[in-house]
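Okay, structure first, notes after.
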Amino acid sequence: ASPRVLVTGGAGYIGSHVLHALTDAGIPAVTIDDLSAGRREAIPAAVPLVEGDIGSAELLDRVMRDHRVDAVMHFAGSIVVPESVVKPLDYYRNNTANSLTLLGACLRAGIDKVVFSSTAAVYGAPESVPIREDAPTVPINPYGASKLMTEQMLRDAGAAHGLRSVILRYFNVAGADPAGRTGQATPVATHLIKVACQALLGRRPPLAIFGTDYDTPDGTCIRDYIHVSDLADAHVLALLHLRRGGGSLLMNCGYGRGASVREVVRTLEEVSGEQVPATFADRRPGDPPQLVAGADRIREQLGWVPKHDRLDGIVRSALSWERSLEQSVGQAGAPGGSASRS
Ligand code: UFG
């Protein structure tokens, strides 16, 4: 059998999209997931699931050996920024310490190729946009710090042991597989597009728009929303680059253009033909006004060509995924509609 790529966290939102992209490309994979946040149904039938914790070196050694793993894509981790502020040590364990265990297992198994899920949170509150990869990395929360530490380990292990890595710094990942095979299933979501879809469908209270007095054209925060399937394609290209013998790379994953919270809400209203129940709220602590990727490098170095970069398409795919979920999933409160927006 040909070697497999080990995908950690393959039952989760981004990991499952990547497993489908790999399977579509005919690339064999195996995944380890503890199903703490992910769903078994999200994993393609062709991909073996090893249920367990990537903090276990023994488990990693066994899976790498049994499946002849030659490369790793590392998604497993904790991702909720405000939670990282109140439970920082959980983030350093799940993100940083588990990555250390994983890299140790790679060295023992002779695996020299790693694709790593990093985040725009490593930049903190940037001084200007678009944010290029050489901008200062000054995270403002433990989530960003936990990811930046893993980036550092990858660089140092590269210099010392020849480990090659592609570090992908995601901007705001959104949307769902256009074929409807997987999507973001976390019932208690915090991400804007997911929350707005749930509010529209009456599965949670109205959307709170956090801050309308930012120094942006319409007063709301601007983000670079990237379709999860385009992001998944970037991972496949990164793996192929490493398998061809390519050297380590570091790049942003975004489109290089931003949309405001109001634009996202308006777009959702256009694609659905319905009003999004929403209220205006205070600023959320720690939100930078604008996060937009400098997005040249990923196109130049990986030859990445996005296919789903229209905001209406991103929002439409998120909404149709949300509609496909069981009505009972994610009923976080009373249906919206009582509050209004002027
Ligand atoms: N927002 C709302 N209401 C909500 C949720 C979000 O108004 O209910 C606003 C936020 O204030 C922000 C924008 O929508 O202005 C986007 O917020 P998200 O929570 O969707 O995403 P973030 O930009 O906060 O976070 C994303 C990733 C993180 C990453 C961070 C980088 O999800 O993993 O970018 O700073 F760390």
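If you're wondering about the labels, chains in the structure tokens are A, B, ... by order shown, residues count from 1 in each chain, ligands from 1 in order shown.
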Please write out the residues within 9 Å of ligand 1 as an MDAnalysis selection string, counting only C-alpha atoms and all ligand atoms. chainID A and resid 79:82 118:125 139:141 143:144 170:174 189:196 206:212 220:225 260:262 264 280:281 283:291
Query raised in the report: Which residues, written as an MDAnalysis selection string, have at least one atom at most 12 Å from Leu107 in chain A, with only C-alpha atoms counted and residues fewer than 5 positions away on the same chain left out?
Result: chainID A and resid 57 60:61 64 70:72 100:102 112:114 154 157:158 160:164
Include N, CA and C atoms and write out the residues we just selected as an mmCIF file, in the first residue's frame.
```cif
data_model
loop_
_atom_site.group_PDB
_atom_site.id
_atom_site.type_symbol
_atom_site.label_atom_id
_atom_site.label_comp_id
_atom_site.auth_asym_id
_atom_site.auth_seq_id
_atom_site.Cartn_x
_atom_site.Cartn_y
_atom_site.Cartn_z
ATOM 1 N N ALA A 57 2.022 9.566 23.048
ATOM 2 C CA ALA A 57 3.147 9.251 22.154
ATOM 3 C C ALA A 57 3.056 7.814 21.657
ATOM 4 N N LEU A 60 0.596 7.574 18.820
ATOM 5 C CA LEU A 60 1.156 8.164 17.602
ATOM 6 C C LEU A 60 2.169 7.216 16.957
ATOM 7 N N ASP A 61 3.053 6.642 17.781
ATOM 8 C CA ASP A 61 4.069 5.712 17.253
ATOM 9 C C ASP A 61 3.392 4.550 16.519
ATOM 10 N N MET A 64 1.590 5.726 13.210
ATOM 11 C CA MET A 64 2.575 6.070 12.175
ATOM 12 C C MET A 64 3.199 4.811 11.570
ATOM 13 N N ASP A 70 3.889 8.979 6.025
ATOM 14 C CA ASP A 70 5.076 9.694 5.527
ATOM 15 C C ASP A 70 4.976 11.199 5.724
ATOM 16 N N ALA A 71 3.799 11.683 6.139
ATOM 17 C CA ALA A 71 3.604 13.129 6.301
ATOM 18 C C ALA A 71 2.452 13.340 7.276
ATOM 19 N N VAL A 72 2.458 14.502 7.915
ATOM 20 C CA VAL A 72 1.425 14.800 8.903
ATOM 21 C C VAL A 72 0.781 16.139 8.580
ATOM 22 N N LEU A 100 4.185 19.318 20.450
ATOM 23 C CA LEU A 100 5.532 18.858 20.800
ATOM 24 C C LEU A 100 5.587 17.328 20.780
ATOM 25 N N THR A 101 4.581 16.695 21.367
ATOM 26 C CA THR A 101 4.518 15.231 21.363
ATOM 27 C C THR A 101 4.451 14.706 19.929
ATOM 28 N N LEU A 102 3.641 15.369 19.117
ATOM 29 C CA LEU A 102 3.479 14.946 17.719
ATOM 30 C C LEU A 102 4.806 15.068 16.958
ATOM 31 N N ASP A 112 9.431 13.570 7.865
ATOM 32 C CA ASP A 112 10.059 14.892 7.757
ATOM 33 C C ASP A 112 9.155 15.927 7.091
ATOM 34 N N LYS A 113 7.838 15.654 7.009
ATOM 35 C CA LYS A 113 6.921 16.575 6.334
ATOM 36 C C LYS A 113 5.717 16.871 7.221
ATOM 37 N N VAL A 114 5.513 18.156 7.529
ATOM 38 C CA VAL A 114 4.394 18.553 8.391
ATOM 39 C C VAL A 114 3.703 19.776 7.798
ATOM 40 N N LEU A 154 8.533 24.162 14.994
ATOM 41 C CA LEU A 154 8.704 23.641 13.635
ATOM 42 C C LEU A 154 9.956 24.222 12.981
ATOM 43 N N ALA A 157 13.003 22.646 14.774
ATOM 44 C CA ALA A 157 13.170 21.233 14.397
ATOM 45 C C ALA A 157 13.595 21.123 12.931
ATOM 46 N N GLY A 158 13.216 22.102 12.138
ATOM 47 C CA GLY A 158 13.676 22.131 10.749
ATOM 48 C C GLY A 158 15.177 22.325 10.688
ATOM 49 N N ALA A 160 17.405 21.822 13.065
ATOM 50 C CA ALA A 160 18.195 20.780 13.744
ATOM 51 C C ALA A 160 18.059 19.417 13.081
ATOM 52 N N HIS A 161 16.858 19.090 12.596
ATOM 53 C CA HIS A 161 16.589 17.702 12.182
ATOM 54 C C HIS A 161 16.140 17.570 10.726
ATOM 55 N N GLY A 162 16.095 18.677 10.002
ATOM 56 C CA GLY A 162 15.688 18.575 8.601
ATOM 57 C C GLY A 162 14.198 18.394 8.402
ATOM 58 N N LEU A 163 13.415 18.599 9.458
ATOM 59 C CA LEU A 163 11.960 18.524 9.303
ATOM 60 C C LEU A 163 11.500 19.680 8.400
ATOM 61 N N ARG A 164 10.692 19.366 7.412
ATOM 62 C CA ARG A 164 10.182 20.419 6.510
ATOM 63 C C ARG A 164 8.713 20.662 6.827
#
```
Per DSSP on the backbone, filter range 42-250 of chain A down to the residues in strand (DSSP E or B) and report them as a PyMOL selection string. chain A and resi 49-51+69-74+113-119+131+164-170+172-174+207-210+222-223+225-227+249-250
For range 232-244 of chain A, work out the shell of residues within 10 Å, counting only C-alpha atoms and skipping chain neighbours fewer than 6 positions away, then give it as number ranges by chain.
A: 5, 14-22, 25, 27, 70-73, 112-117, 164-168, 177, 253, 298-299, 301-307
**Neighbour list for Pro48 in chain A as a list in words, cut-off 8 Å, only C-alpha atoms, skip fewer than 5 positions in-chain** = Ala29, Val30 and Thr31 of chain A
Find the spatial neighbours of Leu49 in chain A, counting only C-alpha atoms, within a cut-off of 10 Å - ignore same-chain residues fewer than 5 positions away - and output them as a PyMOL selection string. chain A and resi 7-11+29-34+40+43-44
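In this structure, CA of Ser128 in chain A sits 9.1 Å away from CA of Val292 in chain A.
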Requested in this report: Give me every helix (DSSP H, G or I) residue in range 19-68 of chain A, going by DSSP on the backbone, as a ChimeraX atom specification.
Outcome: /A:19-24,40-42,57-66
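The gap separating CA of Asn252 in chain A from CA of Arg169 in chain A is 4.6 Å, in Å to one decimal.
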So the first atom is CA of Ile226 in chain A and the second is CA of Gly175 in chain A; what is the distance between them in Å, to one decimal place?
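Between these atoms lies a distance of 8.0 Å.
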- Which residue out of A:Pro187, A:Gly55, A:Pro205, A:Gly258 has the minimum interatomic distance to Gly104 in chain A when only C-alpha atoms are used?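 With only C-alpha atoms as the atom set, the closest residue is A:Gly55.
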